[in-house]
$ cat final-v1.tsv   # TSV, C-alpha atoms
chain	number	residue	atom	x	y	z
A	1	MET	CA	-0.30	9.95	9.47
A	2	ARG	CA	2.23	10.11	12.28
A	3	ASP	CA	-0.36	8.61	14.62
A	4	VAL	CA	-0.87	5.78	12.12
A	5	LEU	CA	2.87	5.15	11.95
A	6	GLN	CA	3.20	5.19	15.73
A	7	ALA	CA	0.44	2.61	16.04
A	8	VAL	CA	2.08	0.40	13.43
A	9	ARG	CA	5.40	0.61	15.27
A	10	GLU	CA	3.75	-0.24	18.59
A	11	VAL	CA	2.02	-3.32	17.17
A	12	ARG	CA	4.61	-4.59	14.72
A	13	PRO	CA	7.87	-2.59	14.46
A	14	ASP	CA	8.90	-4.31	11.22
A	15	ALA	CA	5.64	-3.39	9.46
A	16	ARG	CA	4.99	-0.47	7.16
A	17	ALA	CA	1.95	1.55	6.12
A	18	GLY	CA	1.54	2.60	2.55
A	19	ALA	CA	-0.11	2.32	-0.83
A	20	GLY	CA	-3.30	4.33	-1.28
A	21	VAL	CA	-3.20	6.21	2.01
A	22	LEU	CA	0.22	7.68	1.11
A	23	ARG	CA	-0.91	8.48	-2.42
A	24	ASP	CA	-4.05	10.16	-1.07
A	25	LEU	CA	-2.00	12.21	1.41
A	26	VAL	CA	0.59	13.36	-1.11
A	27	TRP	CA	-1.69	13.86	-4.09
A	28	GLY	CA	-4.47	15.45	-2.03
A	29	THR	CA	-1.95	17.95	-0.70
A	30	LEU	CA	-0.02	18.62	-3.91
A	31	PHE	CA	-2.55	18.05	-6.70
A	32	GLY	CA	-6.03	18.17	-5.20
A	33	SER	CA	-8.09	20.04	-2.65
A	34	GLY	CA	-6.27	18.67	0.39
A	35	PHE	CA	-6.03	15.44	2.32
A	36	GLU	CA	-9.18	14.27	4.07
A	37	PRO	CA	-8.40	11.49	6.58
A	38	GLY	CA	-12.11	10.67	6.91
A	39	LYS	CA	-12.23	9.67	3.25
A	40	VAL	CA	-9.43	7.11	3.54
A	41	ARG	CA	-10.91	3.75	2.48
A	42	ASP	CA	-8.25	1.71	4.26
A	43	VAL	CA	-4.79	1.95	5.75
A	44	ASP	CA	-2.71	-0.82	4.24
A	45	VAL	CA	-0.21	-2.22	6.70
A	46	VAL	CA	2.29	-4.75	5.40
A	47	PHE	CA	4.57	-7.09	7.26
A	48	PHE	CA	6.57	-10.18	6.39
A	49	ASP	CA	6.19	-13.33	8.49
A	50	SER	CA	7.09	-16.53	6.63
A	51	ARG	CA	6.48	-18.60	9.80
A	52	ASP	CA	2.72	-17.98	9.75
A	53	VAL	CA	1.04	-17.45	6.38
A	54	SER	CA	-2.48	-18.00	7.74
A	55	ARG	CA	-5.29	-15.51	7.28
A	56	ALA	CA	-5.56	-15.53	11.07
A	57	ASN	CA	-2.17	-13.81	11.24
A	58	ASP	CA	-3.47	-10.91	9.12
A	59	ASP	CA	-6.61	-10.75	11.25
A	60	ARG	CA	-4.57	-10.77	14.47
A	61	VAL	CA	-2.39	-7.84	13.39
A	62	THR	CA	-5.42	-5.92	12.09
A	63	ALA	CA	-7.21	-6.46	15.43
A	64	LEU	CA	-4.19	-5.30	17.42
A	65	LEU	CA	-3.97	-2.14	15.32
A	66	SER	CA	-7.68	-1.52	15.87
A	67	GLU	CA	-7.20	-1.90	19.61
A	68	HIS	CA	-4.36	0.64	19.57
A	69	ARG	CA	-6.13	3.15	17.32
A	70	PRO	CA	-9.86	2.48	16.98
A	71	GLY	CA	-11.66	4.18	14.14
A	72	ILE	CA	-8.88	3.77	11.61
A	73	PRO	CA	-9.80	1.40	8.75
A	74	TRP	CA	-6.81	-0.92	9.15
A	75	GLU	CA	-6.02	-3.69	6.68
A	76	ALA	CA	-2.91	-5.66	7.63
A	77	LYS	CA	-1.50	-8.19	5.17
A	78	ASN	CA	1.37	-10.58	5.59
A	79	GLN	CA	3.30	-10.26	2.34
A	80	ALA	CA	4.85	-13.71	2.87
A	81	ALA	CA	1.33	-15.13	2.34
A	82	VAL	CA	0.33	-13.30	-0.85
A	83	HIS	CA	1.10	-16.29	-3.06
A	84	THR	CA	-1.44	-18.37	-1.10
A	85	TRP	CA	-4.44	-16.18	-2.05
A	86	TYR	CA	-3.54	-13.77	-4.87
A	87	ALA	CA	-4.76	-15.83	-7.87
A	88	ARG	CA	-7.97	-16.75	-6.06
A	89	LYS	CA	-8.76	-13.13	-5.25
A	90	PHE	CA	-7.57	-11.40	-8.45
A	91	GLY	CA	-7.58	-14.20	-11.02
A	92	GLY	CA	-4.81	-15.26	-13.32
A	93	GLU	CA	-1.97	-17.63	-12.70
A	94	PRO	CA	-0.56	-18.32	-9.24
A	95	VAL	CA	2.18	-15.88	-8.24
A	96	GLU	CA	5.61	-16.69	-6.89
A	97	PRO	CA	6.19	-16.21	-3.16
A	98	LEU	CA	7.51	-12.78	-2.29
A	99	THR	CA	10.88	-12.60	-0.60
A	100	SER	CA	10.60	-9.41	1.48
A	101	ILE	CA	8.61	-6.26	2.14
A	102	GLU	CA	10.63	-4.50	-0.55
A	103	ASP	CA	9.86	-7.24	-3.05
A	104	ALA	CA	6.15	-7.00	-2.17
A	105	VAL	CA	5.92	-3.21	-2.38
A	106	GLY	CA	7.56	-3.43	-5.79
A	107	THR	CA	4.54	-5.40	-7.06
A	108	TRP	CA	1.86	-2.91	-6.03
A	109	PRO	CA	-0.48	-1.78	-8.82
A	110	GLU	CA	0.72	1.73	-9.61
A	111	THR	CA	4.21	3.13	-9.33
A	112	ALA	CA	2.92	5.99	-7.18
A	113	THR	CA	1.40	3.57	-4.69
A	114	ALA	CA	4.42	1.26	-4.57
A	115	VAL	CA	5.61	3.08	-1.46
A	116	ALA	CA	5.43	2.16	2.22
A	117	VAL	CA	6.81	3.90	5.29
A	118	ARG	CA	7.45	3.25	8.96
A	119	LEU	CA	8.83	5.07	11.96
A	120	ASP	CA	12.18	3.82	13.16
A	121	ALA	CA	13.20	3.72	16.82
A	122	ARG	CA	14.34	7.36	16.64
A	123	ASP	CA	11.04	8.60	15.16
A	124	ARG	CA	12.51	9.05	11.69
A	125	ILE	CA	10.42	8.05	8.70
A	126	GLU	CA	11.96	5.15	6.82
A	127	VAL	CA	10.79	4.93	3.20
A	128	CYS	CA	10.49	1.76	1.15
A	129	ALA	CA	10.07	2.75	-2.51
A	130	PRO	CA	11.60	0.09	-4.77
A	131	LEU	CA	10.21	1.87	-7.86
A	132	GLY	CA	11.28	5.29	-6.65
A	133	LEU	CA	9.32	8.32	-5.51
A	134	ASP	CA	9.16	10.30	-8.76
A	135	ASP	CA	5.63	9.31	-9.78
A	136	LEU	CA	4.24	9.82	-6.27
A	137	LEU	CA	5.84	13.24	-5.87
A	138	ASN	CA	5.20	14.39	-9.44
A	139	GLY	CA	1.58	13.21	-9.63
A	140	VAL	CA	1.91	10.52	-12.27
A	141	TRP	CA	-0.59	7.66	-12.49
A	142	ARG	CA	1.33	4.79	-14.09
A	143	ARG	CA	0.60	1.07	-14.10
A	144	ASN	CA	3.22	-1.13	-12.50
A	145	PRO	CA	3.45	-3.96	-15.05
A	146	ARG	CA	5.07	-6.38	-12.62
A	147	ARG	CA	1.81	-7.74	-11.28
A	148	ILE	CA	-1.36	-6.29	-12.83
A	149	SER	CA	-2.63	-6.45	-16.38
A	150	GLU	CA	-3.60	-3.49	-18.52
A	151	GLU	CA	-7.25	-4.52	-18.05
A	152	GLN	CA	-6.92	-4.58	-14.25
A	153	SER	CA	-5.16	-1.23	-14.39
A	154	GLN	CA	-7.96	0.34	-16.43
A	155	ALA	CA	-10.53	-0.94	-13.93
A	156	ARG	CA	-8.52	0.58	-11.07
A	157	PHE	CA	-8.23	3.84	-12.99
A	158	ARG	CA	-12.02	4.02	-13.46
A	159	ARG	CA	-12.66	3.12	-9.81
A	160	HIS	CA	-10.19	5.66	-8.38
A	161	ASP	CA	-11.00	8.42	-10.91
A	162	PRO	CA	-7.66	10.16	-10.30
A	163	LEU	CA	-8.15	13.04	-12.74
A	164	THR	CA	-11.28	14.17	-10.90
A	165	ARG	CA	-9.90	13.58	-7.40
A	166	TRP	CA	-6.53	15.17	-8.11
A	167	PRO	CA	-6.83	17.57	-11.08
A	168	GLY	CA	-3.06	18.14	-11.21
A	169	VAL	CA	-2.28	14.46	-11.78
A	170	ARG	CA	-1.38	13.15	-15.21
A	171	VAL	CA	-1.57	9.66	-16.68
A	172	ALA	CA	1.47	7.97	-18.20
A	173	ARG	CA	1.71	4.74	-20.12
A	174	SER	CA	3.66	2.01	-18.37
A	175	SER	CA	6.65	0.51	-20.10

$ encode --input "final-v1.tsv" --output "structure tokens"
Amino acid sequence: MRDVLQAVREVRPDARAGAGVLRDLVWGTLFGSGFEPGKVRDVDVVFFDSRDVSRANDDRVTALLSEHRPGIPWEAKNQAAVHTWYARKFGGEPVEPLTSIEDAVGTWPETATAVAVRLDARDRIEVCAPLGLDDLLNGVWRRNPRRISEEQSQARFRRHDPLTRWPGVRVARSS
């Protein structure tokens, strides 16, 4: 993960890596049979650039990351652009523009995945966790009601199969 964070800092110092890759690392280590980097589906990298909300911007950052660290399944997304594609991709009503990385991370589907990190200039890990770290560190699968519906959450639950992947995890109802 440190190598991932170093690559992110080299390409885009303001960006962060997070979501599923952090959940997989923490939950695999604490509640499962270990973390397996080869099974990571993607490494979500988020940045905020309101000057260029084009898809080409996402592609450019993803390509730069791939050049720096080939073999990692990078997926960079400009959080300033989410409102331009979210409803088309996930359905529902259009969403309001996000105002920052912190605002964006706070909309991610589960509370345990609403976490992103980066390395600062002194090699310290800077954590962005607007919903806190309790569910990530305590192995709680909980829907974040800010953005996804109960139906979308159930589909994600079935797809990720957390109770099989991480036997120590428990499911909580969202408020």

$ closest_residue --input "final-v1.tsv" --among "A:Glu10, A:Asp49, A:Glu126, A:Glu110" --to "Arg147 in chain A" --atoms "all atoms listed in the file"
A:Glu110

$ atom_distance --input "final-v1.tsv" --atom1 "CA of Pro145 in chain A" --atom2 "CA of Arg88 in chain A"
19.4 Å

$ residues_around --input "final-v1.tsv" --residues "range 32-35 of chain A" --least-positions-apart "4" --cutoff "7 Å" --atoms "all atoms listed in the file" --output "list in words"
Asp24, Leu25, Trp27, Gly28, Arg165, Trp166, Pro167 and Gly168 of chain A

$ atom_distance --input "final-v1.tsv" --atom1 "CA of Val61 in chain A" --atom2 "CA of Val46 in chain A"
9.8 Å

$ atom_distance --input "final-v1.tsv" --atom1 "CA of Thr107 in chain A" --atom2 "CA of Ile148 in chain A"
8.3 Å
